[in-house]
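Q: After the structure tokens below, expect a handful of questions from me.
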Amino acid sequence: MNKTDALIIGAGPTGLFTAHQLNLIGLSCEVVDNLDKIGGQCIELYPDKPIYDIPAVPECTGEQLTNNLINQLKPFDIKFHLNQRVEEVKRDNESWIVKTNSGTTFLTPNVIIAGGVGSFEPRKFPVKECEYYENKSVFYSVKDKKIFEGKTVAIFGGGDSALDWAIELSKKSKVNLIHRRDEFRGAEATVNKMRTLVKEGKINLFTKYQMTSVHGNSQLESIDIKNDDDEKKNLKVDYALGFFGLIMQLGPIANWGLNLDKKTIEVDTEKFETNQKGIYAVGDICSYPGKLKLILSGFHEGALAARACFKLARPNEKYRFEFTTTSTNLLKRLGKKE
Amino acid sequence: MAKITYITSDAKVHEIEVQNGLTVMEGAIQNNIPGIDADCGGGMACATCHVYVQDEWFNKIPKKEDGEEDMLDMAFEPKKNSRLSCQLIVSDELDGLVVNIPTKQA
């Protein structure tokens with residue numbers, strides 16, 4: 001069991017700056033995120049896109065913003081638990097016990113949900129029967145490419161993941177690449193390589209086709225695909241791989257007894273606390289009258305939630321407001337003073 | 001103002017007067033029309049405000065920009081007449097537009 005003053009769910013910009021604020025006022029924190037890297041939507045959705053509305057930063061990309069926020073955390077010792085999704089939040093007297101899907105547990109008086117719009121999950125095939133074959137014959141990521149050796153594979157998608165795997169698996173498998181239009185959004189060099197392999201007969205390409213149904217018993221045996229003009233084809237395949245990017249799902253957060261408004265969590269604007277004492281929501285996932293889904297709003301919300309955490313983490317102490325320009329305490333925590 | 005008709009997957013028809021300058025997505029969100037999620041808030045970064053534009057309108061409305069078609073690759077059951085409703089800006093010219101909302105967004 002990890003004991004900490006505050007647990008932050010979500011390592012996007014809001015979660016990162018909230019961690020900074022907690023540590024600055026002398027509280028410890030740990031951070032959990034479902035992605036395999038720090039940065040949240042900024043790193044997953046728009047690492048290369050410039051952002052123009054961060055105060056005092058005229059222009060920076062999602063990746064630069066993330067790196068700057070990570071640098072700002074350098075004076076502090078913060079443990080990140082990546083690739084883990086928080087499944088359960090349970091009250092235990094004055095604290096919360098938090099469990100992730102990897103079995104990591106935390107005991108903390110404060111849980112700060114900085115979850116964006118939930119956790120990122122792969123987008124799945126619209127064909128419902130695919131659920132039955134999921135992780136047997138239908139996959140949305142590749143963990144062990146050896147299982148495809150000598151087999152026939154159908155790969156769906158038009159981005160880099162679909163193309164990279166089509167190229168890689170074509171070395172040892174029979175690959176069908178299926179995409180809903182003629183254009184691919186993957187990197188030009190990758191698209192060209194794929195087209196060469198198509199010419200050499202190493203990849204069977206079907207454009208303007210989408211999956212309509214799957215057939216098989218315990219394992220997948222074939223799939224039906226249909227094009228824009230309703231022409232159908234049946235392909236004998238052992239595996240189907242879908243690469244349609246990631247979608248944000250609220251996921252287990254919905255089960256924690258919080259007041260929700262659609263996919264957002266209702267909070268007050270003093271502490272950014274939810275209807276549960278000691279659980280806060282900040283950033284895109286929180287809602288209150290006048291909420292703006294801007295990164296700068298998340299920073300403000302995190303700063304206030306951090307102060308609220310102080311009361312529960314240090315019930316016998318009084319929080320005193322200080323400036324980083326003048327406070328010896330803060331400068332010590334920042335490593336600027338002995 | 002333009003009258004926009006949203007047809008949800010259960011065939012319910014919602015006729016809404018939407019202010020010029022708002023997007024078709026915002027018209028749906030502000031009027032609680034089910035089936036449009038708009039997770040990213042209108043940034044063309046999520047494909048959860050996906051709609052089917054009825055044929056007689058599809059060629060009349062402004063064409064897609066590059067990024068929209070890329071995002072539609074990720075939409076749930078995209079078709080020839082798929083659009084992201086956050087990219088459709090309401091104006092007098094769109095008065096009478098009819099869009100169908102998919103069975104789900106993801």
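Labeling convention for the structure tokens: chains A, B, ... as they appear, residues from 1 per chain, ligands from 1 in order of appearance.
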Using only C-alpha atoms, what table do you get, as a Markdown table, when you list each residue of chain B with an atom no more than 7 Å from chain A, its nearest pair of atoms, and their distance in Å rounded to one decimal, rows by chain then rising number?
A:
```
| residue | atom | partner | partner_atom | distance |
| --- | --- | --- | --- | --- |
| B:Asp39 | CA | A:Val117 | CA | 6.7 |
| B:Ala45 | CA | A:Leu45 | CA | 6.8 |
| B:Asp70 | CA | A:Arg185 | CA | 6.2 |
| B:Asp73 | CA | A:Phe244 | CA | 6.9 |
| B:Met74 | CA | A:Phe244 | CA | 4.8 |
| B:Phe76 | CA | A:Pro126 | CA | 6.3 |
| B:Glu77 | CA | A:Pro126 | CA | 6.4 |
| B:Ala106 | CA | A:Arg123 | CA | 6.4 |
```
Q: Store the residues of this selection in a file with C-alpha atoms, as a short mmCIF file (atom, residue, chain, number, x, y, z; two decimals), in the first residue's frame.
A:
```
data_model
loop_
_atom_site.label_atom_id
_atom_site.label_comp_id
_atom_site.auth_asym_id
_atom_site.auth_seq_id
_atom_site.Cartn_x
_atom_site.Cartn_y
_atom_site.Cartn_z
CA ASP B 39 -15.36 14.94 -26.42
CA ALA B 45 -9.47 15.93 -32.56
CA ASP B 70 -8.32 11.90 -41.36
CA ASP B 73 -11.12 7.37 -40.45
CA MET B 74 -11.60 6.90 -36.73
CA PHE B 76 -17.82 4.78 -35.83
CA GLU B 77 -19.20 3.44 -39.15
CA ALA B 106 -17.45 4.94 -30.44
#
```
Q: According to DSSP computed on the backbone, where in segment 1-104 of chain B is there helix (DSSP H, G or I)? Give the residues as an MDAnalysis selection string.
A: chainID B and resid 24:30 55:58 66:72 85:87 92:94
Q: List every residue of segment 78-205 of chain A that DSSP, applied to the backbone, labels as strand (DSSP E or B), and write the result as JSON, numbers by chain.
A: {"A": [79, 80, 81, 86, 87, 88, 89, 90, 91, 92, 95, 96, 97, 98, 99, 100, 105, 106, 107, 108, 110, 111, 112, 113, 116, 118, 119, 120, 121, 122, 134, 138, 139, 152, 153, 154, 155, 156, 174, 175, 176, 177, 178, 179, 203, 204, 205]}
Q: Residues at most 9 Å from Gly35 of chain B, counting only C-alpha atoms, excluding those fewer than 5 positions away in the same chain, as a tab-separated table (two decimals) with N, CA and C atoms, in the first residue's frame?
A:
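Generated output (around-v8.tsv):
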```
chain	number	residue	atom	x	y	z
B	8	THR	N	-32.08	11.26	-34.70
B	8	THR	CA	-31.28	10.32	-33.90
B	8	THR	C	-31.48	8.91	-34.41
B	9	SER	N	-30.64	7.98	-33.93
B	9	SER	CA	-30.65	6.63	-34.52
B	9	SER	C	-31.96	5.90	-34.25
B	28	ALA	N	-26.47	20.93	-31.29
B	28	ALA	CA	-26.94	19.67	-30.70
B	28	ALA	C	-26.64	19.64	-29.20
B	48	THR	N	-16.07	12.34	-32.33
B	48	THR	CA	-17.27	11.90	-31.61
B	48	THR	C	-18.45	12.89	-31.77
B	49	CYS	N	-18.39	13.69	-32.84
B	49	CYS	CA	-19.56	14.52	-33.19
B	49	CYS	C	-19.96	14.16	-34.62
B	101	ILE	N	-27.80	11.14	-36.92
B	101	ILE	CA	-26.79	10.85	-35.92
B	101	ILE	C	-26.56	9.33	-35.89
B	102	PRO	N	-25.30	8.88	-35.90
B	102	PRO	CA	-25.03	7.43	-35.92
B	102	PRO	C	-25.55	6.74	-34.65
B	103	THR	N	-25.59	5.41	-34.70
B	103	THR	CA	-26.09	4.65	-33.54
B	103	THR	C	-25.24	4.91	-32.30
B	104	LYS	N	-23.95	5.09	-32.50
B	104	LYS	CA	-23.12	5.55	-31.41
B	104	LYS	C	-21.88	6.25	-31.96
B	105	GLN	N	-21.11	6.85	-31.07
B	105	GLN	CA	-19.96	7.62	-31.52
B	105	GLN	C	-18.67	6.83	-31.39
```
Q: Using only C-alpha atoms, find the one residue out of B:Gly41, B:Pro34, B:Lys79, B:Ile7 that sits nearest to Lys226 of chain A.
A: B:Lys79
Q: Quick one, how far is atom CA of Lys277 of chain A from atom CA of Leu292 of chain A?
A: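 The value is 23.8 Å.
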Q: Do you know which residues are at most 12 Å from segment 2-5 of chain B counting only C-alpha atoms, after dropping those on the same chain fewer than 5 positions away, and could you put them as number ranges by chain?
A: B: 11-28, 31, 33, 51-54, 57, 85, 88-101
Q: Please dump the current selection as a PDB file, in the first residue's frame; keep C-alpha atoms.
A:
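For reference, again.pdb as written:
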```pdb
ATOM      1  CA  ALA B  11     -35.590   7.844 -35.870  1.00  0.00           C
ATOM      2  CA  LYS B  12     -36.670  10.659 -33.543  1.00  0.00           C
ATOM      3  CA  VAL B  13     -36.694  14.009 -35.314  1.00  0.00           C
ATOM      4  CA  HIS B  14     -35.405  17.076 -33.480  1.00  0.00           C
ATOM      5  CA  GLU B  15     -35.943  20.392 -35.275  1.00  0.00           C
ATOM      6  CA  ILE B  16     -33.842  23.125 -33.731  1.00  0.00           C
ATOM      7  CA  GLU B  17     -33.348  26.794 -34.575  1.00  0.00           C
ATOM      8  CA  VAL B  18     -29.607  27.292 -34.337  1.00  0.00           C
ATOM      9  CA  GLN B  19     -27.939  30.706 -34.253  1.00  0.00           C
ATOM     10  CA  ASN B  20     -25.673  31.640 -37.134  1.00  0.00           C
ATOM     11  CA  GLY B  21     -22.026  31.206 -36.234  1.00  0.00           C
ATOM     12  CA  LEU B  22     -22.518  28.223 -33.962  1.00  0.00           C
ATOM     13  CA  THR B  23     -21.566  24.817 -35.261  1.00  0.00           C
ATOM     14  CA  VAL B  24     -24.056  22.049 -35.945  1.00  0.00           C
ATOM     15  CA  MET B  25     -22.315  20.216 -33.059  1.00  0.00           C
ATOM     16  CA  GLU B  26     -22.906  23.112 -30.656  1.00  0.00           C
ATOM     17  CA  GLY B  27     -26.557  23.315 -31.716  1.00  0.00           C
ATOM     18  CA  ALA B  28     -26.937  19.671 -30.697  1.00  0.00           C
ATOM     19  CA  ASN B  31     -30.199  21.466 -26.949  1.00  0.00           C
ATOM     20  CA  ILE B  33     -29.740  16.123 -28.542  1.00  0.00           C
ATOM     21  CA  VAL B  51     -23.070  12.849 -38.395  1.00  0.00           C
ATOM     22  CA  TYR B  52     -24.403  11.720 -41.758  1.00  0.00           C
ATOM     23  CA  VAL B  53     -25.474  14.643 -43.914  1.00  0.00           C
ATOM     24  CA  GLN B  54     -28.488  13.890 -46.069  1.00  0.00           C
ATOM     25  CA  TRP B  57     -27.296  18.706 -48.612  1.00  0.00           C
ATOM     26  CA  SER B  85     -20.602  18.353 -37.034  1.00  0.00           C
ATOM     27  CA  LEU B  88     -20.273  22.679 -40.018  1.00  0.00           C
ATOM     28  CA  ILE B  89     -20.830  26.325 -39.208  1.00  0.00           C
ATOM     29  CA  VAL B  90     -24.440  27.388 -39.195  1.00  0.00           C
ATOM     30  CA  SER B  91     -25.482  30.202 -41.542  1.00  0.00           C
ATOM     31  CA  ASP B  92     -28.624  31.189 -43.438  1.00  0.00           C
ATOM     32  CA  GLU B  93     -27.433  28.950 -46.279  1.00  0.00           C
ATOM     33  CA  LEU B  94     -27.723  25.926 -43.999  1.00  0.00           C
ATOM     34  CA  ASP B  95     -31.382  26.629 -43.197  1.00  0.00           C
ATOM     35  CA  GLY B  96     -33.194  23.304 -43.560  1.00  0.00           C
ATOM     36  CA  LEU B  97     -30.106  21.084 -43.167  1.00  0.00           C
ATOM     37  CA  VAL B  98     -30.891  17.527 -42.114  1.00  0.00           C
ATOM     38  CA  VAL B  99     -28.313  15.338 -40.372  1.00  0.00           C
ATOM     39  CA  ASN B 100     -28.583  11.785 -39.103  1.00  0.00           C
ATOM     40  CA  ILE B 101     -26.791  10.850 -35.916  1.00  0.00           C
TER      41      ILE B 101
END
```
Q: Within 12 Å of segment 18-20 of chain A, counting only C-alpha atoms, which residues show up once you throw out same-chain ones fewer than 6 positions away? Write them as a PyMOL selection string, please.
A: chain A and resi 4-12+26-32+68-80+111-114+272+280-283+295-309+330+333-334
Q: Quick one: pull the distance between atom CA of Tyr288 of chain A and atom CA of Cys40 of chain B, Å, one decimal.
A: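 For atom CA of Tyr288 of chain A relative to atom CA of Cys40 of chain B, the distance reads 17.6 Å.
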